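Colleague: Once you've had a glance at the structure underneath, I'll fire off some questions.
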Amino acid sequence: MALRIIRRKDTGSLTITGTVAGQRIRRRAQSDSLPLAREEAAALEAQILRTAWHGERRDARSFAEAVISYIDTTPRAAGDRRRLNRILTALGDVPLSAVDQSAVDHVRRSILSPTASPSTVRRGVITPIRAVLMHAQRREWCDVPRFEIPRETEGRTRYLLPGEAERLLTASSPHIRVLLTLLVGTGMRMAEALELEWRDVDLAGGRTILWPDRTKSGRRRIVALPPRIVACLANLPDRTGPVIRRADGEPYADRRREGGGQIKTAWKATLRRAEIDPALSPHDLRHTWASWYYALHRDLLALKIEGGWSSVALVERYAHLLPAGHEAGIRRFLGPVSDTALLLAGTND
């Protein structure tokens with residue numbers, strides 16, 4: 001039965017109704033003009049018949065539908081969801097076919113500063129949009145996306161020497177000292193450290209487990225705890241719940257947020273007191289650990305596995321980063337555990 005146009009007596013608005021190819025249709029027309037409503041109904045009927053005969057056309061779905069499918073298929077980190085929400089707000093509910101280079105440029109102008117670095121553009125705009133479109137392409141909703149990728153110059157990889165790391169910890173406030181020690185001594189990411197639970201820590205065995213839902217790669221990782229970390233954790237008063245806590249003893253509220261924002265004020269004050277480069281970030285402590293690991297072991301494959309990187313290419317920048325002659329200082333920093341700490345560690349059963 002062809003679609004019909006019905007005018008409501010109370011409001012005068014037009015409704016398109018009927019059944020086409022077994023699909024029941026009842027929707028308000030976009031116009032209250034009868035000729036325009038008839039054109040809309042004819043176009044809708046043709047689209048339904050064409051889909052029923054030939055199958056759904058590519059790009060028939062919207063970008064918003066693709067985002068919802070992308071999020072629902074696999075759990076996504078809170079940061080990824082926030083980025084996609086900002087992109088959707090800037091882009092609007094447009095067809096997948098409309099998400100081209102000009103759309104990417106529009107989103108970039110809408111949500112980023114004009115001085116945003118190429119890496120920020122890639123991380124905040126291009127990578128999330130491309131991830132959604134690749135998800136849609138695998139379902140044959142659109143073609144493979146092709147965007148201009150801003151060229152990045154290789155930035156400076158910041159790290160600390162053993163003496164500087166000691167200075168940093170000495171200058172830190174007690175409530176973040178354990179966290180900083182953990183970051184330097186294990187190479188954990190900030191989110192991984194803040195989400196660490198006591199039930200996953202084996203002090204006697206000198207290791208901890210990071211489960212797939214709490215790692216960036218989505219894969220389980222075993223992290224070795226050097227003697228200094230064992231001693232540091234063994235002397236904490238609590239052995240249940242989150243390992244890392246705020247000064248008031250409570251866990252950090254937004255434990256999924258990355259980049260060190262949770263300790264921003266204390267971090268800046270620590271750098272100032274320690275007289276260390278203010279450009280250093282908490283994530284650079286992971287770089288520090290990686291450069292130390294390679295200096296001691298000279299094994300890029302082992303570094304990739306221990307640190308949870310996806311490829312050896314990503315860890316090549318840490319090779320020969322540290323000047324020669326600091327191996328003894330690194331070992332002193334990671335240090336032997338005391339008899340008291342060993343005794344305390346043994347109670348973690």
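For the structure tokens, the naming scheme is as follows: chains receive sequential letters (A, B, ...) according to their order of presentation, residues are indexed from 1 within each chain, and ligands are indexed from 1 in presentation order.
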Which residues, written as JSON, numbers by chain, have at least one atom at most 6 Å from Ala171 of chain A, with only C-alpha atoms counted and residues fewer than 5 positions away on the same chain left out?
Modeller: {"A": [270, 273, 274]}
Colleague: I need the chosen residues saved as a PDB file, in the first residue's frame, with C-alpha atoms.
Modeller:
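Result file out-v6.pdb:
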ATOM      1  CA  THR A 270      57.301  19.391  43.635  1.00  0.00           C
ATOM      2  CA  ARG A 273      61.076  22.628  45.097  1.00  0.00           C
ATOM      3  CA  ALA A 274      63.274  20.020  43.396  1.00  0.00           C
TER       4      ALA A 274
END
Colleague: For Gly325 of chain A, which residue out of A:Gly249, A:Pro226, A:Pro162, A:Pro278 is the nearest one, using only C-alpha atoms?
Modeller: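 Closest candidate: A:Pro162.
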Colleague: Identify, with DSSP run on backbone atoms, the residues in segment 88-275 of chain A assigned to helix (DSSP H, G or I), and express the list as a ChimeraX atom specification.
Modeller: /A:88-91,96-98,101-111,118-138,162-171,174-186,190-194,198-200,212-214,227-234,261-274
Colleague: A:Trp53, A:Ala302, A:Thr157, A:Ala77: which is nearest Leu321 of chain A, counting only C-alpha atoms?
Modeller: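 Between A:Trp53, A:Ala302, A:Thr157, A:Ala77, the residue approaching Leu321 of chain A most closely is A:Thr157.
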Colleague: Excluding Val223 of chain A and any residue of its chain fewer than 4 positions from it, enumerate the residues within 9 Å of it, using only C-alpha atoms, and give them as number ranges by chain.
Modeller: A: 186-188, 206-210, 306-307
Colleague: Show which residues sit within 9 Å of His326 of chain A, as a list in words. Count only C-alpha atoms, and ignore same-chain residues fewer than 6 positions away.
Modeller: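 Answer for this query is Leu161, Pro162, Trp292 and Ala295 of chain A.
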Colleague: Would you return as a list in words the members of segment 114-264 of chain A that DSSP assigns to strand (DSSP E or B) on this structure's backbone?
Modeller: Glu197, Val201, Asp202, Arg207, Thr208, Ile209, Leu210, Arg221, Ile222, Val223, Ala224 and Pro242 of chain A
Colleague: I need the residue nearest Leu14 of chain A from this list: A:Leu36, A:Ser69, A:Ala2, A:Glu148. Use only C-alpha atoms for the distance.
Modeller: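 The closest residue to Leu14 of chain A is A:Leu36.
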Colleague: Counting only C-alpha atoms, which of A:Glu275, A:Thr120, A:Asp80, A:Ala231 gets nearest to Leu168 of chain A?
Modeller: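 Of A:Glu275, A:Thr120, A:Asp80, A:Ala231, the one nearest Leu168 of chain A, counting only C-alpha atoms, is A:Glu275.
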Colleague: Name the closest residue to Glu140 of chain A among the candidates A:Ala204, A:Ala66, A:Ile111, A:Leu194; distances are taken between atoms, counting only C-alpha atoms.
Modeller: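 Among the listed residues, the smallest separation from Glu140 of chain A belongs to A:Ala66.
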Colleague: Quick one: residues within 12 Å of Lys304 of chain A, only C-alpha atoms, excluding same-chain residues fewer than 2 positions away - as a list of chain:residue names?
Modeller: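 So the residues in contact are A:Gly187, A:Ser217, A:Arg221, A:Ala290, A:Ser291, A:Tyr293, A:Tyr294, A:Arg298, A:Asp299, A:Leu300, A:Leu301, A:Ala302, A:Glu306, A:Gly307, A:Gly308, A:Trp309, A:Ser310, A:Ser311, A:Val312, A:Ala313, A:Leu314, A:Val315, A:Glu316, A:Arg317, A:Tyr318, A:Ala319.
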Colleague: Would you pick out the contacts of Pro145 of chain A at 9 Å or less, using only C-alpha atoms, so that residues sharing its chain but fewer than 2 positions from it are not included, and give the list as a PyMOL selection string?
Modeller: chain A and resi 99-100+130+133-134+137+142-143+147
Colleague: When you draw a straight line from atom CA of Leu160 of chain A to atom CA of Thr288 of chain A, how long is it in Å?
Modeller: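 A separation of 5.6 Å between them.
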Colleague: What separation in Å, quoted to one decimal, exists between atom CA of Glu166 of chain A and atom CA of Arg228 of chain A?
Modeller: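 If I compute the distance from atom CA of Glu166 of chain A to atom CA of Arg228 of chain A, I get 12.0 Å.
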Colleague: Residues within 12 Å of Arg24 of chain A, please, as a PyMOL selection string. Count only C-alpha atoms; anything in the same chain fewer than 5 positions from it doesn't count.
Modeller: chain A and resi 1-4+16-19+45+48
